[in-house]
file coords-v3.cif (mmCIF, C-alpha atoms)
data_my_file
loop_
_atom_site.label_atom_id
_atom_site.label_comp_id
_atom_site.auth_asym_id
_atom_site.auth_seq_id
_atom_site.Cartn_x
_atom_site.Cartn_y
_atom_site.Cartn_z
CA TRP U 531 -74.88 76.27 -3.99
CA PHE U 532 -75.79 78.26 -0.93
CA ILE U 533 -75.37 82.03 -1.41
CA LEU U 534 -73.47 83.35 1.59
CA GLN U 535 -75.26 86.14 3.40
CA TYR U 536 -74.49 87.94 6.61
CA MET U 537 -75.97 90.27 9.19
CA SER U 538 -73.81 93.09 10.53
CA GLY U 539 -73.05 94.37 13.99
CA PHE U 540 -70.87 93.31 16.92
CA GLY U 541 -72.75 91.71 19.81
CA ASN U 542 -76.14 92.60 18.34
CA GLU U 543 -79.38 90.84 19.17
CA HIS U 544 -79.84 89.03 15.86
CA VAL U 545 -82.82 87.10 14.51
CA SER U 546 -82.54 84.66 11.60
CA GLU U 547 -84.66 82.02 9.87
CA ASP U 548 -83.79 79.76 6.97
CA PRO U 549 -86.06 81.08 4.18
CA ARG U 550 -87.16 77.51 3.43
CA CYS U 551 -89.13 77.57 6.71
CA PRO U 552 -90.71 81.01 7.19
CA GLY U 553 -92.16 81.56 10.65
CA ALA U 554 -89.87 79.00 12.28
CA LEU U 555 -89.13 81.36 15.18
CA PRO U 556 -91.76 81.25 17.92
CA GLU U 557 -93.53 84.56 18.41
CA GLY U 558 -93.48 86.27 21.77
CA GLN U 559 -91.70 83.54 23.71
CA ASN U 560 -88.60 81.32 23.58
CA ASN U 561 -89.92 77.94 24.63
CA PRO U 562 -93.50 77.19 23.55
CA GLN U 563 -95.13 73.88 24.33
CA VAL U 564 -94.87 72.99 20.63
CA CYS U 565 -92.43 74.85 18.39
CA PRO U 566 -93.29 75.71 14.76
CA TYR U 567 -92.54 72.90 12.26
CA GLY U 568 -92.14 70.48 15.17
CA LEU U 569 -88.69 71.82 16.03
CA TYR U 570 -86.88 71.50 19.35
CA ALA U 571 -85.92 74.61 21.33
CA GLU U 572 -82.37 74.67 22.71
CA GLN U 573 -80.56 77.49 24.48
CA LEU U 574 -76.81 77.99 24.10
CA SER U 575 -75.46 80.04 27.03
CA GLY U 576 -72.15 81.86 26.70
CA SER U 577 -72.31 83.46 30.13
CA ALA U 578 -73.72 82.76 33.56
CA PHE U 579 -77.49 83.32 33.71
CA THR U 580 -76.94 86.03 36.33
CA CYS U 581 -74.38 88.12 34.40
CA PRO U 582 -75.24 91.83 34.07
CA ARG U 583 -77.22 92.51 30.92
CA PRO U 584 -74.28 94.10 28.98
CA THR U 585 -72.25 90.90 29.38
CA ASN U 586 -75.08 88.35 29.24
CA LYS U 587 -74.67 86.14 26.18
CA ARG U 588 -77.12 83.53 24.97
CA SER U 589 -78.87 82.36 21.82
CA TRP U 590 -81.96 80.23 21.24
CA LEU U 591 -81.67 77.58 18.54
CA TYR U 592 -84.66 75.84 16.92
CA ARG U 593 -83.46 72.55 15.54
CA ILE U 594 -84.69 69.32 14.00
CA LEU U 595 -83.14 67.21 16.77
CA PRO U 596 -81.47 68.51 19.95
CA SER U 597 -77.72 68.27 20.54
CA VAL U 598 -78.19 65.74 23.33
CA CYS U 599 -78.90 62.93 20.82
CA HIS U 600 -75.49 61.28 20.61
CA LYS U 601 -73.59 58.24 21.87
CA PRO U 602 -71.19 58.64 24.82
CA PHE U 603 -67.96 60.59 24.26
CA LYS U 604 -64.76 58.60 24.05
CA PRO U 605 -61.16 59.87 24.09
CA LEU U 606 -59.69 60.88 20.74
CA LYS U 607 -55.97 61.21 20.00
CA GLU U 608 -54.95 64.84 20.35
CA GLY U 609 -51.94 64.70 18.05
CA HIS U 610 -50.03 67.94 18.65
CA LEU U 611 -52.85 69.69 20.54
CA THR U 612 -51.95 70.19 24.21
CA HIS U 613 -52.25 72.38 27.27
CA ASP U 614 -49.30 70.74 29.05
CA TRP U 615 -47.03 73.73 29.63
CA ASP U 616 -44.35 71.66 31.38
CA GLU U 617 -43.29 69.47 28.43
CA VAL U 618 -39.96 71.29 28.14
CA GLU U 619 -38.00 73.72 30.27
CA PRO U 620 -38.90 77.45 30.05
CA ASP U 621 -37.04 79.43 27.39
CA PRO U 622 -36.80 83.24 27.83
CA ASN U 623 -35.00 83.80 24.54
CA GLN U 624 -36.35 85.75 21.60
CA LEU U 625 -37.91 83.06 19.42
CA ARG U 626 -38.71 83.13 15.73
CA TRP U 627 -40.19 80.43 13.52
CA LYS U 628 -39.81 79.96 9.79
CA PRO U 629 -43.09 79.33 7.94
CA PHE U 630 -44.74 76.25 9.38
CA GLU U 631 -44.77 73.48 6.80
CA ILE U 632 -48.11 72.19 5.52
CA PRO U 633 -48.11 68.40 5.08
CA LYS U 634 -48.66 67.17 1.56
CA ALA U 635 -51.81 65.24 0.66
CA PRO U 636 -52.53 62.42 0.04
CA GLN U 637 -49.48 61.08 1.89
CA ASN U 638 -50.57 62.76 5.12
CA LYS U 639 -54.17 63.97 5.07
CA LEU U 640 -54.93 66.44 7.85
CA ASP U 641 -58.18 68.31 8.36
CA PHE U 642 -58.66 71.33 10.62
CA VAL U 643 -58.87 69.26 13.82
CA SER U 644 -56.08 66.78 13.13
CA GLY U 645 -54.00 69.73 11.87
CA LEU U 646 -54.07 71.67 15.16
CA HIS U 647 -50.60 72.21 16.62
CA THR U 648 -50.19 74.02 19.95
CA LEU U 649 -47.25 76.43 19.90
CA CYS U 650 -47.42 78.10 23.31
CA GLY U 651 -49.77 79.04 26.10
CA ALA U 652 -50.40 79.53 29.80
CA GLY U 653 -53.11 78.95 32.34
CA GLU U 654 -55.54 76.12 32.52
CA PRO U 655 -59.02 75.54 31.11
CA ARG U 656 -60.44 73.93 34.25
CA GLY U 657 -59.75 77.12 36.17
CA ARG U 658 -61.22 79.18 33.30
CA ASN U 659 -58.18 81.43 33.03
CA GLY U 660 -55.57 81.19 30.31
CA ILE U 661 -54.75 81.25 26.62
CA ALA U 662 -53.16 79.08 23.96
CA VAL U 663 -51.69 79.85 20.56
CA HIS U 664 -52.21 77.15 17.94
CA ILE U 665 -51.06 76.76 14.34
CA PHE U 666 -53.43 74.94 12.00
CA LEU U 667 -51.91 73.09 9.05
CA CYS U 668 -54.41 71.18 6.90
CA ASN U 669 -54.93 69.91 3.39
CA THR U 670 -58.36 68.27 3.46
CA SER U 671 -61.88 69.18 4.56
CA MET U 672 -63.65 67.87 7.64
CA LEU U 673 -66.00 65.15 6.42
CA ASP U 674 -68.98 64.20 8.58
CA ARG U 675 -67.32 65.59 11.67
CA CYS U 676 -67.48 68.82 13.60
CA LEU U 677 -65.70 70.37 16.57
CA TYR U 678 -66.85 72.39 19.53
CA ASN U 679 -64.59 73.93 22.15
CA SER U 680 -65.78 73.50 25.73
CA ASP U 681 -62.68 75.30 27.00
CA GLY U 682 -63.00 78.72 25.41
CA ASP U 683 -63.17 80.86 22.28
CA PHE U 684 -61.18 80.40 19.07
CA LEU U 685 -60.00 83.51 17.20
CA ILE U 686 -58.97 82.11 13.80
CA VAL U 687 -56.54 83.95 11.51
CA PRO U 688 -56.18 82.23 8.10
CA GLN U 689 -52.87 82.94 6.39
CA GLN U 690 -52.94 80.66 3.34
CA GLY U 691 -56.12 79.27 1.84
CA LYS U 692 -59.72 80.17 2.54
CA LEU U 693 -61.99 78.45 5.05
CA LEU U 694 -65.64 77.69 4.44
CA ILE U 695 -66.91 77.28 7.98
CA THR U 696 -70.30 75.71 8.61
CA THR U 697 -71.69 76.51 12.05
CA GLU U 698 -74.96 75.89 13.84
CA PHE U 699 -75.81 79.52 13.02
CA GLY U 700 -75.00 79.32 9.30
CA LYS U 701 -72.02 79.45 6.96
CA MET U 702 -69.06 81.85 6.80
CA LEU U 703 -66.34 82.13 4.17
CA VAL U 704 -63.14 83.37 5.84
CA GLU U 705 -60.20 84.30 3.63
CA PRO U 706 -56.67 85.53 4.42
CA ASN U 707 -56.83 89.10 5.75
CA GLU U 708 -60.08 88.21 7.49
CA ILE U 709 -60.54 86.73 10.95
CA CYS U 710 -63.38 84.87 12.59
CA VAL U 711 -64.33 84.03 16.14
CA ILE U 712 -66.01 80.77 17.06
CA GLN U 713 -67.17 81.19 20.64
CA GLN U 714 -67.21 78.57 23.37
CA GLY U 715 -69.51 75.64 22.72
CA MET U 716 -70.42 76.41 19.10
CA ARG U 717 -70.22 73.44 16.74
CA PHE U 718 -68.43 74.03 13.47
CA SER U 719 -66.88 72.19 10.53
CA VAL U 720 -64.17 73.52 8.19
CA GLU U 721 -63.97 72.96 4.45
CA VAL U 722 -60.67 73.85 2.74
CA PHE U 723 -59.63 74.12 -0.90
CA GLY U 724 -56.04 72.92 -0.87
CA GLU U 725 -53.07 73.50 1.39
CA THR U 726 -54.23 75.74 4.22
CA ARG U 727 -52.43 77.40 7.12
CA GLY U 728 -53.18 79.88 9.84
CA TYR U 729 -53.06 80.91 13.47
CA ILE U 730 -55.48 80.54 16.38
CA LEU U 731 -55.69 82.50 19.62
CA GLU U 732 -57.68 80.52 22.18
CA VAL U 733 -58.87 82.19 25.39
CA TYR U 734 -60.23 80.40 28.43
CA GLY U 735 -62.61 82.25 30.75
CA ALA U 736 -63.40 85.42 28.79
CA HIS U 737 -65.03 86.39 25.51
CA PHE U 738 -63.57 88.79 22.98
CA GLU U 739 -65.03 92.29 22.92
CA LEU U 740 -64.27 95.61 21.28
CA PRO U 741 -61.76 97.71 23.24
CA ASP U 742 -62.92 100.87 24.96
CA LEU U 743 -62.11 103.97 22.93
CA GLY U 744 -61.68 106.54 25.71
CA PRO U 745 -60.52 109.93 24.37
CA ILE U 746 -60.62 108.59 20.79
CA GLY U 747 -64.37 109.07 21.02
CA ALA U 748 -67.31 107.21 19.55
CA ASN U 749 -65.72 105.93 16.34
CA GLY U 750 -62.50 104.31 15.21
CA LEU U 751 -60.41 101.16 15.30
CA ALA U 752 -62.70 98.19 14.50
CA ASN U 753 -66.20 99.59 14.08
CA PRO U 754 -69.11 97.39 15.24
CA ARG U 755 -70.96 97.61 11.91
CA ASP U 756 -68.14 95.80 10.09
CA PHE U 757 -68.49 92.54 12.01
CA LEU U 758 -70.55 89.97 10.12
CA VAL U 759 -72.72 87.16 11.49
CA PRO U 760 -73.99 84.25 9.34
CA VAL U 761 -77.67 83.75 8.58
CA ALA U 762 -79.57 80.60 9.47
CA TRP U 763 -79.00 77.57 7.25
CA TYR U 764 -79.90 73.98 7.97
CA GLU U 765 -79.46 70.52 6.54
CA ASP U 766 -81.84 67.69 7.41
CA ARG U 767 -79.31 64.98 6.67
CA GLN U 768 -79.11 61.48 8.04
CA VAL U 769 -75.63 59.97 8.39
CA PRO U 770 -76.11 56.23 8.87
CA GLY U 771 -72.38 55.61 8.97
CA GLY U 772 -72.07 57.98 11.90
CA TYR U 773 -71.44 61.69 12.24
CA THR U 774 -68.55 62.47 14.63
CA VAL U 775 -68.95 65.31 17.11
CA ILE U 776 -65.58 66.25 18.63
CA SER U 777 -65.40 68.07 21.96
CA LYS U 778 -62.28 69.88 23.14
CA TYR U 779 -62.71 69.48 26.88
CA GLN U 780 -60.13 70.28 29.58
CA GLY U 781 -57.47 70.47 26.89
CA LYS U 782 -58.17 67.03 25.45
CA LEU U 783 -60.28 65.76 22.56
CA PHE U 784 -63.28 63.45 22.81
CA ALA U 785 -65.49 62.06 20.05
CA ALA U 786 -69.15 61.04 20.06
CA GLN U 787 -71.16 59.46 17.27
CA GLN U 788 -74.63 60.44 16.09
CA ASP U 789 -76.62 59.52 12.99
CA PHE U 790 -77.53 63.01 11.78
CA SER U 791 -75.90 66.31 10.89
CA PRO U 792 -75.58 68.74 13.82
CA PHE U 793 -76.15 71.66 11.43
CA ASN U 794 -79.91 71.21 11.70
CA VAL U 795 -80.80 74.63 13.15
CA VAL U 796 -83.71 76.03 11.14
CA ALA U 797 -83.91 79.35 12.99
CA TRP U 798 -82.19 81.14 15.85
CA HIS U 799 -82.14 84.39 17.76
CA GLY U 800 -79.74 85.88 20.29
CA ASN U 801 -76.49 87.73 20.84
CA TYR U 802 -74.13 84.76 21.22
CA THR U 803 -72.96 83.98 17.69
CA PRO U 804 -69.91 83.27 15.56
CA TYR U 805 -68.68 86.27 13.57
CA LYS U 806 -66.06 87.41 11.09
CA TYR U 807 -64.25 90.68 10.32
CA HIS U 808 -62.14 91.96 7.40
CA LEU U 809 -58.92 93.55 8.63
CA GLU U 810 -58.91 96.14 5.81
CA LYS U 811 -61.90 97.80 7.49
CA PHE U 812 -59.83 98.75 10.55
CA MET U 813 -59.72 102.54 11.04
CA VAL U 814 -56.10 103.24 11.92
CA ILE U 815 -55.20 105.80 14.60
CA ASN U 816 -51.61 107.09 14.53
CA SER U 817 -49.20 109.82 15.59
CA VAL U 818 -49.29 112.92 13.37
CA ALA U 819 -46.69 115.06 15.18
CA PHE U 820 -43.83 113.20 16.88
CA ASP U 821 -43.01 110.01 18.79
CA HIS U 822 -45.10 106.84 18.92
CA ALA U 823 -48.48 106.13 20.33
CA ASP U 824 -48.44 102.78 22.10
CA PRO U 825 -49.28 99.77 19.90
CA SER U 826 -52.52 99.33 21.85
CA ILE U 827 -54.02 101.81 19.33
CA PHE U 828 -54.03 98.89 16.87
CA THR U 829 -56.21 96.62 19.04
CA VAL U 830 -59.03 94.94 17.11
CA LEU U 831 -60.44 92.75 19.88
CA THR U 832 -59.66 92.24 23.55
CA ALA U 833 -60.45 89.57 26.11
CA LYS U 834 -60.36 91.26 29.49
CA SER U 835 -58.86 89.80 32.63
CA THR U 836 -60.25 90.40 36.11
CA ARG U 837 -57.75 93.28 36.56
CA PRO U 838 -59.02 96.57 35.14
CA GLY U 839 -57.05 97.68 32.11
CA VAL U 840 -55.10 94.43 31.83
CA ALA U 841 -55.98 92.04 29.01
CA LEU U 842 -56.05 88.30 29.23
CA ALA U 843 -55.36 88.63 25.50
CA ASP U 844 -55.44 91.34 22.84
CA PHE U 845 -55.60 90.83 19.08
CA VAL U 846 -53.57 93.65 17.50
CA ILE U 847 -52.82 94.33 13.82
CA PHE U 848 -50.25 96.46 12.00
CA PRO U 849 -52.04 97.45 8.78
CA PRO U 850 -51.01 99.72 5.90
CA ARG U 851 -50.99 103.37 7.04
CA TRP U 852 -49.24 106.70 6.64
CA GLY U 853 -46.13 107.58 8.66
CA VAL U 854 -45.78 111.33 9.14
CA ALA U 855 -44.12 111.81 12.55
CA ASN U 856 -41.36 114.44 12.71
CA ASN U 857 -38.00 114.03 14.50
CA THR U 858 -38.98 110.44 15.28
CA PHE U 859 -37.43 107.02 14.87
CA ARG U 860 -40.43 105.60 13.06
CA PRO U 861 -40.13 101.80 13.29
CA PRO U 862 -41.03 100.14 16.61
CA TYR U 863 -38.63 101.16 19.34
CA TYR U 864 -36.52 98.82 21.48
CA HIS U 865 -38.69 97.47 24.19
CA ARG U 866 -39.08 95.25 27.25
CA ASN U 867 -42.65 94.47 28.15
CA CYS U 868 -44.53 93.03 31.12
CA MET U 869 -46.79 91.40 28.50
CA SER U 870 -45.93 88.47 26.22
CA GLU U 871 -46.07 89.14 22.47
CA PHE U 872 -46.62 86.51 19.78
CA MET U 873 -46.47 87.91 16.26
CA GLY U 874 -47.53 86.42 12.96
CA LEU U 875 -47.45 87.65 9.38
CA ILE U 876 -50.35 87.13 6.99
CA LYS U 877 -48.70 88.75 3.97
CA GLY U 878 -45.97 91.18 2.97
CA HIS U 879 -42.87 92.36 4.86
CA TYR U 880 -42.94 93.54 8.47
CA GLU U 881 -41.16 96.89 8.70
CA ALA U 882 -38.92 96.12 11.69
CA LYS U 883 -37.66 92.80 10.31
CA GLU U 884 -37.92 92.62 6.55
CA GLU U 885 -35.64 89.59 6.40
CA GLY U 886 -36.34 86.38 8.27
CA PHE U 887 -39.86 87.14 9.51
CA GLN U 888 -41.99 85.52 6.83
CA PRO U 889 -45.69 84.94 6.11
CA GLY U 890 -46.83 81.76 7.82
CA GLY U 891 -44.08 81.99 10.44
CA GLY U 892 -44.09 83.71 13.81
CA SER U 893 -42.11 85.14 16.69
CA LEU U 894 -42.45 85.18 20.46
CA HIS U 895 -40.98 87.84 22.68
CA SER U 896 -41.67 86.66 26.19
CA MET U 897 -42.32 88.67 29.29
CA MET U 898 -39.49 91.20 29.85
CA THR U 899 -37.37 89.77 27.03
CA PRO U 900 -35.91 92.70 25.03
CA HIS U 901 -36.76 93.07 21.38
CA GLY U 902 -36.88 95.64 18.61
CA PRO U 903 -35.71 96.45 15.07
CA ASP U 904 -32.87 94.48 13.56
CA ALA U 905 -29.60 96.22 12.74
CA ASP U 906 -30.45 96.97 9.10
CA CYS U 907 -33.76 98.55 10.05
CA PHE U 908 -32.12 100.68 12.74
CA GLU U 909 -29.47 102.04 10.40
CA LYS U 910 -31.92 102.82 7.61
CA ALA U 911 -34.50 104.48 9.88
CA SER U 912 -31.84 106.56 11.67
CA LYS U 913 -30.80 108.15 8.37
CA ALA U 914 -34.13 108.23 6.52
CA LYS U 915 -35.56 111.47 5.18
CA LEU U 916 -38.64 112.15 7.31
CA GLU U 917 -41.29 112.84 4.75
CA PRO U 918 -44.80 111.37 4.60
CA GLU U 919 -44.57 107.75 3.54
CA ARG U 920 -46.78 104.72 3.30
CA VAL U 921 -45.92 102.13 5.93
CA ALA U 922 -46.63 98.41 5.55
CA GLU U 923 -48.13 98.72 2.07
CA GLY U 924 -49.23 95.24 0.99
CA THR U 925 -48.51 93.90 4.46
CA MET U 926 -50.60 92.63 7.35
CA ALA U 927 -48.81 91.61 10.53
CA PHE U 928 -50.61 90.90 13.78
CA MET U 929 -49.89 90.29 17.45
CA PHE U 930 -51.46 88.13 20.12
CA GLU U 931 -50.53 89.96 23.31
CA THR U 932 -51.22 88.60 26.78
CA SER U 933 -50.55 89.43 30.41
CA LEU U 934 -49.65 85.76 30.98
CA SER U 935 -46.14 84.34 30.79
CA LEU U 936 -46.25 81.87 27.90
CA ALA U 937 -44.65 78.42 27.86
CA VAL U 938 -43.59 77.02 24.50
CA THR U 939 -44.48 73.42 23.65
CA LYS U 940 -42.13 70.66 22.64
CA TRP U 941 -43.67 70.85 19.15
CA GLY U 942 -42.81 74.55 18.98
CA LEU U 943 -39.24 74.20 20.18
CA GLN U 944 -38.30 70.88 18.62
CA THR U 945 -40.78 68.76 16.67
CA SER U 946 -41.91 71.42 14.19
CA ASN U 947 -38.30 71.86 13.07
CA CYS U 948 -39.17 75.46 12.15
CA LEU U 949 -37.41 77.33 14.97
CA ASP U 950 -34.88 79.82 13.61
CA LYS U 951 -31.90 79.24 15.86
CA ASN U 952 -30.02 82.20 14.36
CA TYR U 953 -32.68 84.77 15.22
CA TYR U 954 -30.51 86.46 17.85
CA ARG U 955 -27.92 87.27 15.17
CA CYS U 956 -30.12 89.97 13.62
CA TRP U 957 -29.13 92.28 16.51
CA GLU U 958 -25.42 91.40 16.61
CA PRO U 959 -24.36 94.06 14.04
CA LEU U 960 -25.76 96.86 16.26
CA ARG U 961 -22.82 99.02 17.30
CA SER U 962 -22.29 101.88 19.70
CA HIS U 963 -22.72 105.40 18.33
CA PHE U 964 -21.93 106.99 21.70
CA ASN U 965 -19.77 110.12 21.57
CA PRO U 966 -19.51 112.06 24.86
CA LYS U 967 -18.24 115.14 22.93
CA CYS U 968 -21.19 115.30 20.57
CA LYS U 969 -24.59 116.12 22.07
#

call {"tool": "encode", "arguments": {"input": "coords-v3.cif", "output": "structure tokens"}}
result
Amino acid sequence: WFILQYMSGFGNEHVSEDPRCPGALPEGQNNPQVCPYGLYAEQLSGSAFTCPRPTNKRSWLYRILPSVCHKPFKPLKEGHLTHDWDEVEPDPNQLRWKPFEIPKAPQNKLDFVSGLHTLCGAGEPRGRNGIAVHIFLCNTSMLDRCLYNSDGDFLIVPQQGKLLITTEFGKMLVEPNEICVIQQGMRFSVEVFGETRGYILEVYGAHFELPDLGPIGANGLANPRDFLVPVAWYEDRQVPGGYTVISKYQGKLFAAQQDFSPFNVVAWHGNYTPYKYHLEKFMVINSVAFDHADPSIFTVLTAKSTRPGVALADFVIFPPRWGVANNTFRPPYYHRNCMSEFMGLIKGHYEAKEEGFQPGGGSLHSMMTPHGPDADCFEKASKAKLEPERVAEGTMAFMFETSLSLAVTKWGLQTSNCLDKNYYRCWEPLRSHFNPKCK
């Protein structure tokens, strides 16, 4: 059994060799005439060659056979994976989903790829600008097949069940309350240990980065040291029956066959890597006097758009914290937003909607659609004694927020059969407290 090890640091220039082959990295250059151990040199570029140094992303991989050794790609059925945002008519309503149901094995075996279900999205991968939100529902491991995403980055949020992810850079174990990012082009395979569910934020055209801290200063929110990168691990394994390499390309899936494992990277170096992060390590910033700071203070990662200060997508969490604000309605306030907000719940009870919003489900409040606490939450918070209290203890909710207007898929609105058609009723008991004689 391979002992999982990691290197720390966000966006660092990492160097790693499988200890079985010391000295596998060439010294002093990237591409010698003959690499140590007879390996092939291969560069994986995550940015244009001419990008400024702070945004230039690439890694050098030293592998037993190069990635180019495969049969031609052929179309593969996508199932419920799509980027067709015109399947159904737009729906501006507040939307909430009950927990998405995981199919039972062995009647319906689904691995990570066949278990991808697109819920909503916008934009288009060919133009390199857009996002998609997927739900993964799986009950079996990927066997002799891997996936790489030509369209963009996957931010994976497991909600039920842990994922053992093998990548070209090494292995990562990702459990609920952790996230991982598999960046564009990186091959990976997912092993699961029973019924498994989670969320994916896919971004086309940008990579995730840490948000700027501004007046917060040098430290806080998600600290770079807490991001973990796998160490090199390889298998020199022949697969005579055929190893399937799946490419997600222009929103569709394609499969190619090869007769060896793609996880044959003996050593690598660079700053373009997969990584994971534990959400409990987030350093929460919050109001300590009155009113709310904007929820942007809970941003873990951001993918910037071409407009300064406007995100293509933000990954935001609502972790356990202290509430101490005076003379303040403490739950989230009623709100209309020029951004679109998809929320999910990993565990616990979200403070603004303790009933109905469940782990493994989700909600979407589209651009300029009003939303806020349900009637029960409003009444309780309006009368609560304002003393220091723990908020969201045992809970982890998150939000995928985007500047794009999201279209919901047919699977999301109909096929999944998880849409809560009574969601709007949680606000119906709200009543007027207006009294013109009482200031």

call {"tool": "resolve_selection", "arguments": {"input": "coords-v3.cif", "expression": "the PyMOL selection byres ((chain U and resi 856) around 10)", "output": "PDB file with C-alpha atoms, in the frame of the given file"}}
result
ATOM      1  CA  SER U 817     -49.200 109.820  15.590  1.00  0.00           C
ATOM      2  CA  VAL U 818     -49.290 112.920  13.370  1.00  0.00           C
ATOM      3  CA  ALA U 819     -46.690 115.060  15.180  1.00  0.00           C
ATOM      4  CA  PHE U 820     -43.830 113.200  16.880  1.00  0.00           C
ATOM      5  CA  ASP U 821     -43.010 110.010  18.790  1.00  0.00           C
ATOM      6  CA  GLY U 853     -46.130 107.580   8.660  1.00  0.00           C
ATOM      7  CA  VAL U 854     -45.780 111.330   9.140  1.00  0.00           C
ATOM      8  CA  ALA U 855     -44.120 111.810  12.550  1.00  0.00           C
ATOM      9  CA  ASN U 857     -38.000 114.030  14.500  1.00  0.00           C
ATOM     10  CA  THR U 858     -38.980 110.440  15.280  1.00  0.00           C
ATOM     11  CA  PHE U 859     -37.430 107.020  14.870  1.00  0.00           C
ATOM     12  CA  ARG U 860     -40.430 105.600  13.060  1.00  0.00           C
ATOM     13  CA  LYS U 915     -35.560 111.470   5.180  1.00  0.00           C
ATOM     14  CA  LEU U 916     -38.640 112.150   7.310  1.00  0.00           C
ATOM     15  CA  GLU U 917     -41.290 112.840   4.750  1.00  0.00           C
ATOM     16  CA  PRO U 918     -44.800 111.370   4.600  1.00  0.00           C
TER      17      PRO U 918
END

call {"tool": "closest_residue", "arguments": {"input": "coords-v3.cif", "among": "U:Ala785, U:Ile632, U:Val921, U:Val795", "to": "Arg767 of chain U", "atoms": "only C-alpha atoms"}}
result
U:Val795

call {"tool": "residues_around", "arguments": {"input": "coords-v3.cif", "residues": "segment 797-805 of chain U", "least_positions_apart": "4", "cutoff": "7 Å", "atoms": "all atoms listed in the file", "output": "list in words"}}
result
Gly541, Asn542, Glu543, His544, Val545, Ser546, Glu547, Asp548, Ala554, Leu555, Gly576, Lys587, Arg588, Ser589, Trp590, Leu591, Tyr592, Cys710, Val711, Ile712, Gln713, Phe757, Leu758, Val759 and Ala762 of chain U

call {"tool": "closest_residue", "arguments": {"input": "coords-v3.cif", "among": "U:Val830, U:Leu809, U:Cys948, U:Ile730", "to": "Leu751 of chain U", "atoms": "only C-alpha atoms"}}
result
U:Val830

call {"tool": "resolve_selection", "arguments": {"input": "coords-v3.cif", "expression": "the PyMOL selection byres ((chain U and resi 724) around 8)", "output": "PyMOL selection string"}}
result
chain U and resi 669-670+691+722-723+725-726

call {"tool": "resolve_selection", "arguments": {"input": "coords-v3.cif", "expression": "the PyMOL selection byres ((chain U and resi 562-566) around 12)", "output": "VMD selection string"}}
result
chain U and resid 547 551 to 561 567 to 572 591 to 594 796 to 797

call {"tool": "residues_near_point", "arguments": {"input": "coords-v3.cif", "point": "(-49.6, 78.6, 26.6)", "cutoff": "7 Å", "atoms": "only C-alpha atoms", "output": "list in words"}}
result
His613, Trp615, Cys650, Gly651, Ala652, Gly653, Ile661, Ala662, Val663, Leu936, Ala937 and Val938 of chain U

call {"tool": "atom_distance", "arguments": {"input": "coords-v3.cif", "atom1": "atom CA of Ala905 of chain U", "atom2": "atom CA of Glu958 of chain U"}}
result
7.5 Å

call {"tool": "closest_residue", "arguments": {"input": "coords-v3.cif", "among": "U:Ala841, U:Leu574, U:Leu894, U:Leu625", "to": "Arg955 of chain U", "atoms": "only C-alpha atoms"}}
result
U:Leu625

call {"tool": "atom_distance", "arguments": {"input": "coords-v3.cif", "atom1": "atom CA of Ser791 of chain U", "atom2": "atom CA of Pro770 of chain U"}}
result
10.3 Å

call {"tool": "residues_around", "arguments": {"input": "coords-v3.cif", "residues": "Ser719 of chain U", "least_positions_apart": "2", "cutoff": "8 Å", "atoms": "all atoms listed in the file", "output": "PyMOL selection string"}}
result
chain U and resi 672+675-677+695-697+717+721

call {"tool": "write_last_selection", "arguments": {"input": "coords-v3.cif", "atoms": "C-alpha atoms", "output": "CSV table (one decimal), in the frame of the given file"}}
result
chain,number,residue,atom,x,y,z
U,672,MET,CA,-63.6,67.9,7.6
U,675,ARG,CA,-67.3,65.6,11.7
U,676,CYS,CA,-67.5,68.8,13.6
U,677,LEU,CA,-65.7,70.4,16.6
U,695,ILE,CA,-66.9,77.3,8.0
U,696,THR,CA,-70.3,75.7,8.6
U,697,THR,CA,-71.7,76.5,12.0
U,717,ARG,CA,-70.2,73.4,16.7
U,721,GLU,CA,-64.0,73.0,4.4

call {"tool": "closest_residue", "arguments": {"input": "coords-v3.cif", "among": "U:Glu708, U:Glu871, U:Glu881, U:Glu732", "to": "Pro850 of chain U", "atoms": "all atoms listed in the file"}}
result
U:Glu881

call {"tool": "closest_residue", "arguments": {"input": "coords-v3.cif", "among": "U:Lys811, U:Arg851, U:Lys634, U:His895", "to": "Met869 of chain U", "atoms": "only C-alpha atoms"}}
result
U:His895

call {"tool": "closest_residue", "arguments": {"input": "coords-v3.cif", "among": "U:Lys628, U:Lys910, U:Lys604, U:Arg961", "to": "Lys778 of chain U", "atoms": "only C-alpha atoms"}}
result
U:Lys604

call {"tool": "atom_distance", "arguments": {"input": "coords-v3.cif", "atom1": "atom CA of Lys782 of chain U", "atom2": "atom CA of Phe684 of chain U"}}
result
15.1 Å

call {"tool": "residues_near_point", "arguments": {"input": "coords-v3.cif", "point": "(-52.8, 86.3, 25.9)", "cutoff": "8 Å", "atoms": "only C-alpha atoms", "output": "number ranges by chain"}}
result
U: 651, 660-662, 731, 733, 841-844, 870, 930-934

call {"tool": "residues_around", "arguments": {"input": "coords-v3.cif", "residues": "Thr829 of chain U", "least_positions_apart": "5", "cutoff": "12 Å", "atoms": "only C-alpha atoms", "output": "ChimeraX atom specification"}}
result
/U:738-743,750-753,809,812-815,824,841,843-849,928-931

call {"tool": "residues_around", "arguments": {"input": "coords-v3.cif", "residues": "Met898 of chain U", "least_positions_apart": "2", "cutoff": "9 Å", "atoms": "all atoms listed in the file", "output": "list of chain:residue names"}}
result
U:Pro622, U:His865, U:Arg866, U:Asn867, U:Cys868, U:Met869, U:Ser870, U:His895, U:Ser896, U:Pro900

call {"tool": "residues_around", "arguments": {"input": "coords-v3.cif", "residues": "segment 786-788 of chain U", "least_positions_apart": "4", "cutoff": "6 Å", "atoms": "all atoms listed in the file", "output": "PyMOL selection string"}}
result
chain U and resi 600-603+772-775
